[in-house]
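Heads up, coords.csv below (CSV, C-alpha atoms):
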```csv
chain,number,residue,atom,x,y,z
A,620,MET,CA,-39.8,-139.7,33.5
A,621,LYS,CA,-39.0,-143.4,33.8
A,622,PRO,CA,-35.9,-144.9,32.1
A,623,ILE,CA,-36.8,-145.8,28.5
A,624,GLN,CA,-35.4,-149.4,29.1
A,625,GLU,CA,-38.6,-150.0,31.2
A,626,ILE,CA,-40.7,-150.1,28.0
A,627,TYR,CA,-38.7,-153.0,26.4
A,628,PRO,CA,-40.9,-155.7,28.0
A,629,LEU,CA,-44.0,-153.8,26.8
A,630,LEU,CA,-43.0,-153.9,23.1
A,631,SER,CA,-44.4,-157.4,22.7
A,632,THR,CA,-48.0,-156.2,22.9
A,633,PRO,CA,-49.2,-154.5,19.7
A,634,ARG,CA,-50.3,-150.9,20.2
A,635,ARG,CA,-51.4,-147.9,18.2
A,636,ILE,CA,-48.3,-145.8,18.2
A,637,VAL,CA,-47.7,-142.3,16.9
A,638,ILE,CA,-44.2,-141.0,16.3
A,639,THR,CA,-43.7,-137.2,15.9
A,640,MET,CA,-40.8,-134.8,15.6
A,641,HIS,CA,-40.0,-131.1,15.7
A,642,GLN,CA,-41.4,-128.6,13.1
A,643,LYS,CA,-39.5,-128.2,9.8
A,644,PRO,CA,-37.8,-131.6,10.3
A,645,ASP,CA,-34.2,-132.1,9.3
A,646,PRO,CA,-32.5,-135.3,8.3
A,647,ASP,CA,-32.1,-136.4,11.9
A,648,ALA,CA,-35.7,-135.8,12.9
A,649,MET,CA,-37.2,-137.5,9.9
A,650,GLY,CA,-34.5,-140.2,9.7
A,651,SER,CA,-34.9,-141.2,13.4
A,652,SER,CA,-38.7,-141.2,13.2
A,653,LEU,CA,-38.9,-143.3,10.1
A,654,ALA,CA,-36.3,-145.7,11.4
A,655,LEU,CA,-38.2,-146.2,14.6
A,656,ALA,CA,-41.4,-146.6,12.6
A,657,GLY,CA,-39.8,-149.3,10.5
A,658,PHE,CA,-38.6,-151.2,13.6
A,659,LEU,CA,-41.8,-151.0,15.6
A,660,SER,CA,-44.0,-152.0,12.6
A,661,GLN,CA,-42.0,-155.3,12.4
A,662,LEU,CA,-43.1,-156.0,16.0
A,663,GLY,CA,-46.7,-155.8,15.0
A,664,HIS,CA,-47.6,-152.3,16.2
A,665,ASN,CA,-49.9,-150.0,14.2
A,666,ILE,CA,-47.6,-147.0,13.4
A,667,ALA,CA,-48.3,-143.5,12.2
A,668,VAL,CA,-45.7,-140.8,11.8
A,669,ILE,CA,-46.8,-137.1,12.0
A,670,SER,CA,-44.7,-134.1,11.2
A,671,PRO,CA,-45.9,-130.7,12.7
A,672,THR,CA,-45.2,-129.0,9.3
A,673,ASN,CA,-44.0,-129.8,5.8
A,674,TRP,CA,-40.5,-131.0,5.2
A,675,PRO,CA,-37.7,-130.5,2.5
A,676,ASP,CA,-37.9,-132.3,-0.8
A,677,PHE,CA,-34.5,-133.8,-0.2
A,678,LEU,CA,-36.0,-135.9,2.6
A,679,LYS,CA,-38.8,-137.4,0.5
A,680,TRP,CA,-36.7,-140.3,-0.8
A,681,MET,CA,-36.6,-141.8,2.7
A,682,PRO,CA,-38.4,-145.2,3.0
A,683,GLY,CA,-41.8,-144.5,4.5
A,684,CYS,CA,-41.7,-140.8,4.0
A,685,ARG,CA,-44.7,-140.8,1.6
A,686,ASN,CA,-46.9,-142.0,4.5
A,687,VAL,CA,-45.9,-139.2,6.9
A,688,VAL,CA,-48.8,-137.0,7.8
A,689,ASP,CA,-48.3,-133.2,7.6
A,690,PHE,CA,-50.2,-131.8,10.6
A,691,GLU,CA,-50.7,-128.4,9.0
A,692,ALA,CA,-51.8,-129.8,5.6
A,693,ALA,CA,-54.1,-132.6,7.0
A,694,LYS,CA,-55.1,-131.4,10.4
A,695,GLU,CA,-58.3,-133.4,10.8
A,696,LYS,CA,-56.6,-136.6,9.8
A,697,ALA,CA,-53.7,-135.9,12.1
A,698,LEU,CA,-56.0,-135.1,15.1
A,699,SER,CA,-57.9,-138.3,14.5
A,700,ILE,CA,-54.7,-140.3,14.5
A,701,LEU,CA,-53.5,-138.6,17.7
A,702,ASP,CA,-56.8,-139.2,19.5
A,703,SER,CA,-56.5,-142.9,18.9
A,704,ALA,CA,-52.9,-143.2,20.0
A,705,GLU,CA,-51.9,-145.4,22.9
A,706,TRP,CA,-48.3,-144.4,22.8
A,707,LEU,CA,-46.6,-141.2,21.5
A,708,PHE,CA,-42.9,-141.2,20.7
A,709,CYS,CA,-41.4,-137.7,20.6
A,710,LEU,CA,-38.1,-137.7,18.7
A,711,ASP,CA,-35.5,-135.0,18.3
A,712,PHE,CA,-37.2,-132.4,20.5
A,713,ASN,CA,-37.7,-132.2,24.2
A,714,ALA,CA,-40.2,-129.3,24.7
A,715,MET,CA,-43.7,-129.4,23.2
A,716,HIS,CA,-43.5,-125.9,21.8
A,717,ARG,CA,-41.0,-127.2,19.2
A,718,THR,CA,-44.0,-128.8,17.5
A,719,LYS,CA,-45.6,-125.4,16.7
A,720,HIS,CA,-49.4,-125.8,16.2
A,721,MET,CA,-49.4,-129.4,17.5
A,722,ALA,CA,-48.1,-128.4,20.9
A,723,GLN,CA,-51.3,-127.9,22.7
A,724,LYS,CA,-52.8,-131.1,21.3
A,725,LEU,CA,-49.8,-133.1,22.4
A,726,LYS,CA,-50.0,-131.7,25.9
A,727,GLU,CA,-53.7,-132.7,26.2
A,728,LEU,CA,-53.2,-136.3,25.1
A,729,GLN,CA,-53.6,-138.9,27.9
A,730,CYS,CA,-51.6,-141.6,26.2
A,731,VAL,CA,-48.1,-142.8,27.2
A,732,LYS,CA,-45.5,-140.4,26.1
A,733,VAL,CA,-41.9,-141.4,25.3
A,734,LEU,CA,-39.0,-139.1,24.7
A,735,ILE,CA,-35.8,-139.9,22.7
A,736,ASP,CA,-33.7,-136.8,22.3
A,737,HIS,CA,-30.2,-135.3,22.7
A,738,HIS,CA,-30.9,-131.6,23.3
A,739,GLU,CA,-30.3,-129.7,26.5
A,740,GLN,CA,-32.8,-129.0,29.3
A,741,PRO,CA,-35.6,-131.4,28.5
A,742,GLU,CA,-39.1,-131.0,29.9
A,743,THR,CA,-39.0,-134.3,31.6
A,744,ALA,CA,-42.3,-133.7,33.4
A,745,SER,CA,-44.1,-134.0,30.0
A,746,PHE,CA,-43.0,-137.6,29.4
A,747,ASP,CA,-43.7,-140.9,31.0
A,748,TYR,CA,-40.6,-142.7,29.7
A,749,GLY,CA,-37.6,-141.4,28.0
A,750,ILE,CA,-33.9,-140.8,27.5
A,751,SER,CA,-32.1,-137.5,27.0
A,752,LEU,CA,-28.4,-137.6,26.3
A,753,THR,CA,-26.7,-134.5,25.2
A,754,SER,CA,-23.5,-136.5,24.6
A,755,LYS,CA,-25.1,-138.3,21.7
A,756,SER,CA,-24.4,-137.2,18.1
A,757,SER,CA,-28.0,-137.4,17.0
A,758,THR,CA,-31.4,-138.9,17.8
A,759,SER,CA,-30.7,-141.4,15.1
A,760,GLU,CA,-27.8,-142.7,17.1
A,761,MET,CA,-30.1,-143.0,20.1
A,762,VAL,CA,-32.8,-144.9,18.1
A,763,TYR,CA,-30.1,-147.3,17.0
A,764,ASP,CA,-29.1,-147.8,20.6
A,765,PHE,CA,-32.8,-148.3,21.5
A,766,ILE,CA,-33.2,-151.0,18.9
A,767,VAL,CA,-30.0,-152.7,19.9
A,768,GLY,CA,-30.9,-152.4,23.6
A,769,SER,CA,-34.3,-154.1,22.9
A,770,GLY,CA,-32.4,-157.2,21.8
A,771,LYS,CA,-33.9,-157.0,18.3
A,772,ALA,CA,-30.9,-155.6,16.3
A,773,GLU,CA,-31.6,-158.3,13.6
A,774,LEU,CA,-34.6,-156.3,12.6
A,775,ILE,CA,-32.5,-153.4,11.3
A,776,ASN,CA,-32.9,-153.7,7.5
A,777,GLN,CA,-31.5,-151.7,4.6
A,778,ASP,CA,-34.4,-149.2,4.8
A,779,ILE,CA,-33.9,-148.6,8.5
A,780,ALA,CA,-30.1,-148.3,8.0
A,781,SER,CA,-30.5,-145.7,5.3
A,782,CYS,CA,-32.8,-143.5,7.5
A,783,LEU,CA,-30.4,-143.8,10.5
A,784,TYR,CA,-27.4,-143.0,8.4
A,785,ALA,CA,-29.1,-139.9,7.0
A,786,GLY,CA,-29.8,-138.6,10.5
A,787,ILE,CA,-26.2,-139.3,11.5
A,788,ILE,CA,-24.5,-137.5,8.7
A,789,GLY,CA,-27.0,-134.6,9.0
A,790,ASP,CA,-26.4,-134.0,12.7
A,791,THR,CA,-22.6,-134.7,12.7
A,792,GLY,CA,-21.9,-132.6,9.6
A,793,SER,CA,-20.7,-135.8,7.8
A,794,PHE,CA,-18.7,-136.8,10.9
A,795,ARG,CA,-16.9,-133.5,11.5
A,796,PHE,CA,-18.6,-132.2,14.6
A,797,PRO,CA,-17.2,-133.0,18.1
A,798,ALA,CA,-20.1,-135.2,19.1
A,799,THR,CA,-18.9,-137.8,16.5
A,800,SER,CA,-17.7,-140.5,18.9
A,801,SER,CA,-16.1,-143.8,18.2
A,802,ASP,CA,-19.5,-145.4,18.9
A,803,VAL,CA,-20.9,-143.5,15.9
A,804,HIS,CA,-18.3,-145.0,13.6
A,805,ARG,CA,-18.9,-148.5,15.0
A,806,MET,CA,-22.6,-148.0,14.4
A,807,VAL,CA,-22.0,-147.0,10.8
A,808,ALA,CA,-19.9,-150.1,10.3
A,809,GLU,CA,-22.8,-152.2,11.6
A,810,LEU,CA,-25.2,-150.4,9.2
A,811,LYS,CA,-22.9,-151.2,6.3
A,812,ASN,CA,-23.1,-154.8,7.3
A,813,LYS,CA,-26.9,-154.5,7.1
A,814,GLY,CA,-26.7,-153.4,3.5
A,815,LEU,CA,-26.3,-149.6,3.9
A,816,GLN,CA,-25.4,-147.9,0.6
A,817,HIS,CA,-23.9,-144.7,2.1
A,818,SER,CA,-23.0,-142.9,-1.1
A,819,ILE,CA,-26.6,-143.1,-2.3
A,820,VAL,CA,-27.9,-141.6,1.0
A,821,HIS,CA,-25.3,-138.8,0.7
A,822,GLU,CA,-26.4,-138.0,-2.9
A,823,ASN,CA,-30.1,-138.0,-1.9
A,824,LEU,CA,-29.4,-135.5,0.8
A,825,TYR,CA,-26.8,-133.2,-0.7
A,826,ASP,CA,-27.1,-133.5,-4.5
A,827,ASN,CA,-30.8,-133.1,-4.7
A,828,PHE,CA,-31.5,-129.3,-5.1
A,829,LEU,CA,-32.7,-127.0,-7.8
A,830,GLU,CA,-30.5,-124.4,-9.6
A,831,ASP,CA,-32.2,-121.6,-7.7
A,832,ARG,CA,-30.7,-122.8,-4.4
A,833,LEU,CA,-27.2,-122.6,-5.7
A,834,ARG,CA,-27.7,-119.1,-7.0
A,835,PHE,CA,-29.4,-118.2,-3.7
A,836,LEU,CA,-26.3,-119.4,-1.8
A,837,GLY,CA,-24.0,-117.4,-3.9
A,838,HIS,CA,-26.1,-114.2,-3.6
A,839,VAL,CA,-26.3,-114.6,0.2
A,840,LEU,CA,-22.6,-115.2,0.7
A,841,LEU,CA,-21.8,-112.2,-1.4
A,842,TYR,CA,-24.3,-109.7,-0.3
A,843,ARG,CA,-25.8,-110.8,3.1
A,844,MET,CA,-22.8,-111.9,5.1
A,845,GLU,CA,-21.0,-109.6,7.6
A,846,VAL,CA,-17.8,-110.6,9.3
A,847,PHE,CA,-16.8,-109.1,12.7
A,848,TYR,CA,-13.1,-110.1,13.0
A,849,GLU,CA,-12.8,-108.1,16.3
A,850,TYR,CA,-15.3,-110.5,17.8
A,851,ASN,CA,-14.4,-113.6,15.8
A,852,ALA,CA,-18.0,-113.7,14.7
A,853,ALA,CA,-20.0,-113.6,11.5
A,854,LEU,CA,-23.6,-113.0,10.6
A,855,ILE,CA,-25.9,-113.8,7.6
A,856,ALA,CA,-29.1,-111.9,7.5
A,857,ILE,CA,-31.6,-112.9,4.9
A,858,PRO,CA,-34.6,-110.6,4.1
A,859,LYS,CA,-37.9,-112.0,2.9
A,860,SER,CA,-37.3,-110.4,-0.6
A,861,ASP,CA,-34.4,-112.9,-1.1
A,862,LEU,CA,-36.6,-115.8,-0.3
A,863,LEU,CA,-39.1,-114.7,-3.0
A,864,LYS,CA,-36.5,-113.7,-5.6
A,865,PHE,CA,-34.9,-117.2,-5.5
A,866,ASN,CA,-38.0,-119.2,-4.9
A,867,VAL,CA,-36.5,-120.5,-1.7
A,868,ARG,CA,-38.3,-123.7,-0.5
A,869,THR,CA,-38.3,-125.6,2.8
A,870,GLY,CA,-34.8,-127.0,3.3
A,871,ASP,CA,-33.0,-124.6,1.0
A,872,THR,CA,-31.3,-122.8,3.9
A,873,GLU,CA,-30.2,-126.0,5.5
A,874,GLY,CA,-26.5,-125.9,6.4
A,875,LEU,CA,-26.1,-122.2,5.4
A,876,VAL,CA,-25.1,-121.2,8.9
A,877,ASN,CA,-22.0,-123.4,8.8
A,878,TYR,CA,-20.4,-121.5,5.9
A,879,PRO,CA,-19.0,-118.6,7.9
A,880,LEU,CA,-17.2,-121.0,10.3
A,881,SER,CA,-14.9,-121.9,7.4
A,882,ILE,CA,-13.4,-118.4,7.7
A,883,GLN,CA,-10.1,-118.5,9.6
A,884,GLY,CA,-10.6,-117.4,13.2
A,885,ILE,CA,-14.4,-117.3,13.2
A,886,LYS,CA,-15.8,-118.9,16.4
A,887,LEU,CA,-19.4,-117.9,16.2
A,888,ALA,CA,-21.8,-117.8,13.2
A,889,GLY,CA,-25.3,-116.5,13.2
A,890,LEU,CA,-28.0,-116.9,10.5
A,891,VAL,CA,-31.3,-115.0,10.7
A,892,ILE,CA,-34.1,-115.4,8.2
A,893,ASP,CA,-37.0,-113.0,7.9
A,894,ARG,CA,-40.1,-115.3,8.0
A,895,ASP,CA,-43.7,-114.1,7.9
A,896,GLU,CA,-44.5,-114.5,11.6
A,897,GLU,CA,-41.1,-114.1,13.2
A,898,ARG,CA,-37.3,-114.0,12.5
A,899,LYS,CA,-35.7,-117.4,12.8
A,900,TRP,CA,-32.1,-117.7,14.1
A,901,SER,CA,-29.5,-120.5,13.8
A,902,PHE,CA,-26.2,-120.4,15.6
A,903,ARG,CA,-23.1,-122.5,15.3
A,904,SER,CA,-19.8,-122.2,17.2
A,905,LYS,CA,-16.3,-123.7,17.4
A,906,GLY,CA,-14.5,-124.6,20.6
A,907,ASP,CA,-15.6,-123.4,24.0
A,908,PHE,CA,-18.3,-120.8,23.0
A,909,ASP,CA,-21.7,-122.0,24.2
A,910,VAL,CA,-24.4,-121.0,21.7
A,911,ASN,CA,-27.0,-122.9,23.7
A,912,THR,CA,-26.7,-120.3,26.5
A,913,PHE,CA,-26.2,-117.5,23.9
A,914,ALA,CA,-29.5,-118.4,22.2
A,915,ARG,CA,-31.4,-118.8,25.4
A,916,THR,CA,-30.1,-115.5,26.8
A,917,TYR,CA,-30.7,-113.3,23.8
A,918,PHE,CA,-33.1,-115.0,21.3
A,919,ASN,CA,-35.7,-117.2,23.1
A,920,GLY,CA,-34.0,-120.4,21.9
A,921,GLY,CA,-31.6,-123.2,22.8
A,922,GLY,CA,-30.2,-126.5,21.6
A,923,HIS,CA,-26.7,-127.8,21.8
A,924,PHE,CA,-23.4,-126.3,23.1
A,925,ASN,CA,-22.1,-125.7,19.6
A,926,ALA,CA,-25.4,-125.7,17.6
A,927,SER,CA,-28.6,-124.0,18.6
A,928,GLY,CA,-31.5,-121.9,17.3
A,929,GLY,CA,-33.7,-119.0,18.3
A,930,ARG,CA,-36.4,-116.7,17.3
A,931,SER,CA,-37.4,-113.0,17.5
A,932,ALA,CA,-40.6,-111.1,17.1
A,933,ASP,CA,-38.6,-107.9,16.3
A,934,SER,CA,-38.0,-106.7,12.8
A,935,LEU,CA,-35.0,-108.0,10.9
A,936,GLN,CA,-33.1,-104.7,11.5
A,937,LYS,CA,-33.8,-104.8,15.2
A,938,THR,CA,-32.9,-108.4,15.7
A,939,VAL,CA,-29.7,-108.0,13.7
A,940,GLN,CA,-28.8,-105.1,16.0
A,941,ALA,CA,-29.5,-107.3,19.0
A,942,PHE,CA,-27.0,-109.8,17.6
A,943,LYS,CA,-24.4,-107.1,17.2
A,944,ASN,CA,-25.0,-105.9,20.8
A,945,ALA,CA,-24.8,-109.5,22.1
A,946,ILE,CA,-21.4,-110.3,20.5
A,947,LYS,CA,-20.0,-107.1,22.0
A,948,GLU,CA,-21.3,-108.3,25.4
A,949,ASN,CA,-19.6,-111.6,24.8
A,950,ALA,CA,-16.3,-110.2,23.4
A,951,THR,CA,-14.1,-111.8,26.1
A,952,GLN,CA,-15.6,-115.3,25.6
A,953,LEU,CA,-15.2,-115.0,21.8
A,954,GLN,CA,-11.5,-114.2,21.9
```

Give the structure from this file in structure tokens form.
Amino acid sequence: MKPIQEIYPLLSTPRRIVITMHQKPDPDAMGSSLALAGFLSQLGHNIAVISPTNWPDFLKWMPGCRNVVDFEAAKEKALSILDSAEWLFCLDFNAMHRTKHMAQKLKELQCVKVLIDHHEQPETASFDYGISLTSKSSTSEMVYDFIVGSGKAELINQDIASCLYAGIIGDTGSFRFPATSSDVHRMVAELKNKGLQHSIVHENLYDNFLEDRLRFLGHVLLYRMEVFYEYNAALIAIPKSDLLKFNVRTGDTEGLVNYPLSIQGIKLAGLVIDRDEERKWSFRSKGDFDVNTFARTYFNGGGHFNASGGRSADSLQKTVQAFKNAIKENATQLQ
């Protein structure tokens, strides 16, 4: 994988470019992708953005989101776009399997593939150019750096700034996570100078749900959360029946895994949701407990040091027991 800076001289030649992200995109995945699309389109490139799956309603306000192609919902259209691509930008994921049913197609493409990502252990052999920095707060921060590094920072307009800011606050937990560096705050100051209306972005992301979601959160915290004080850990396990009862939609569980970390002394929080094809895990931690290694070791996952995900083909009951066994094995590290 060559340094991403080597493509800067190539940006002056218009190309057919596809930008894609991980399945079930969050604010950073969608925000970074749409910001990059907005930038590259101003340079004369033909841009298409493809998501491997659908995305939450609270992301649909983003400038350009209405033009994003859902691979699962419009497969033939997406495949046609991918077949004509000269460049493929892969944002906020570093392993092709994170794109679900798109993965095999992306592997087969012969176009130039470019990675911009901040997760650990990238599959660098899959990309021609790229940058992978785990120290960065978000892929949106990295896209901002990419634009500035290209010498075209003047092309950052209010729409691009809004998308970048959404990604930043999504992945930094509104600036509270450790990866929030002084560079992040300087970046936001520059975005404000570009016309960013930060309060509107925040409202669009966090004040944009249905009543069902609020009642779902209350139900889950009251009936589905277990706290293991002897291990400084907590678990939320959500059966499929809850998803049906409260009409849970894509994005409604976003951020739920963070709630147990507000309990005094808790260092590790796990969230598992019973999906149709598998059980999906999210992990968050405080301090020096590495949930990236935890997820990779026990739940076929990975991500960041303090935030990661995983999956299990076992039943909800069995994978919950696996979590309980795992925290016992890590009791010393959790003290």

Around (-46.6, -153.2, 14.9) in the file's own coordinates, what residues are found within 12 Å if you use only C-alpha atoms, given back as an mmCIF file with C-alpha atoms, in the frame of the given file?
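And here is the file that came out, point_19.cif:
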```
data_model
loop_
_atom_site.group_PDB
_atom_site.id
_atom_site.type_symbol
_atom_site.label_atom_id
_atom_site.label_comp_id
_atom_site.auth_asym_id
_atom_site.auth_seq_id
_atom_site.Cartn_x
_atom_site.Cartn_y
_atom_site.Cartn_z
ATOM 1 C CA LEU A 630 -43.000 -153.900 23.100
ATOM 2 C CA SER A 631 -44.400 -157.400 22.700
ATOM 3 C CA THR A 632 -48.000 -156.200 22.900
ATOM 4 C CA PRO A 633 -49.200 -154.500 19.700
ATOM 5 C CA ARG A 634 -50.300 -150.900 20.200
ATOM 6 C CA ARG A 635 -51.400 -147.900 18.200
ATOM 7 C CA ILE A 636 -48.300 -145.800 18.200
ATOM 8 C CA VAL A 637 -47.700 -142.300 16.900
ATOM 9 C CA LEU A 655 -38.200 -146.200 14.600
ATOM 10 C CA ALA A 656 -41.400 -146.600 12.600
ATOM 11 C CA GLY A 657 -39.800 -149.300 10.500
ATOM 12 C CA PHE A 658 -38.600 -151.200 13.600
ATOM 13 C CA LEU A 659 -41.800 -151.000 15.600
ATOM 14 C CA SER A 660 -44.000 -152.000 12.600
ATOM 15 C CA GLN A 661 -42.000 -155.300 12.400
ATOM 16 C CA LEU A 662 -43.100 -156.000 16.000
ATOM 17 C CA GLY A 663 -46.700 -155.800 15.000
ATOM 18 C CA HIS A 664 -47.600 -152.300 16.200
ATOM 19 C CA ASN A 665 -49.900 -150.000 14.200
ATOM 20 C CA ILE A 666 -47.600 -147.000 13.400
ATOM 21 C CA ALA A 667 -48.300 -143.500 12.200
ATOM 22 C CA TRP A 706 -48.300 -144.400 22.800
#
```

Who sits within 8 Å of Thr791 (chain A), all atoms listed in the file, same chain under 5 positions skipped, as a compact mmCIF listing (two decimals) with C-alpha atoms, keeping the file's coordinate frame:
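Below is the file out.txt, written as the result:
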```txt
# COMPACT_ATOMS: atom_id res chain seq x y z
CA SER A 756 -24.40 -137.20 18.10
CA SER A 757 -28.00 -137.40 17.00
CA PHE A 796 -18.60 -132.20 14.60
CA PRO A 797 -17.20 -133.00 18.10
CA ALA A 798 -20.10 -135.20 19.10
CA THR A 799 -18.90 -137.80 16.50
```

**Complete:** Min atom-atom distance to Arg915 (chain A) from the set A:Ala945, A:Leu953, A:Ile819, A:Ala888, counting all atoms listed in the file, belongs to A:Ala945

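Using only C-alpha atoms for every distance, the candidate list A:Ser801, A:Asn823, A:Gln642, A:Ser754 yields A:Gln642 as the residue closest to Ala714 (chain A).
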
**Item:** Spatial neighbours of Ala722 (chain A), max dist 12 Å, all atoms listed in the file, sep filter under 3 positions, as a list in words
**Value:** Thr639, Met640, His641, Gln642, Ser670, Pro671, Thr672, Phe690, Leu698, Leu701, Cys709, Phe712, Asn713, Ala714, Met715, His716, Arg717, Thr718, Lys719, Leu725, Lys726, Glu727, Leu728 and Ser745 of chain A

**Request:** Work out how far apart CA of Ile623 (chain A) and CA of Gly749 (chain A) are and give it in Å to one decimal.
**Result:**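 So the answer is 4.5 Å.
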
**Item:** Selection near region 765-779 of chain A, 7 Å with only C-alpha atoms, sequence-local residues under 4 positions removed, as a VMD selection string
**Value:** chain A and resid 627 654 657 to 658 682 761 783 813 to 815

**CA of Phe794 (chain A) to CA of Gln883 (chain A), straight-line distance in Å** = 20.3 Å
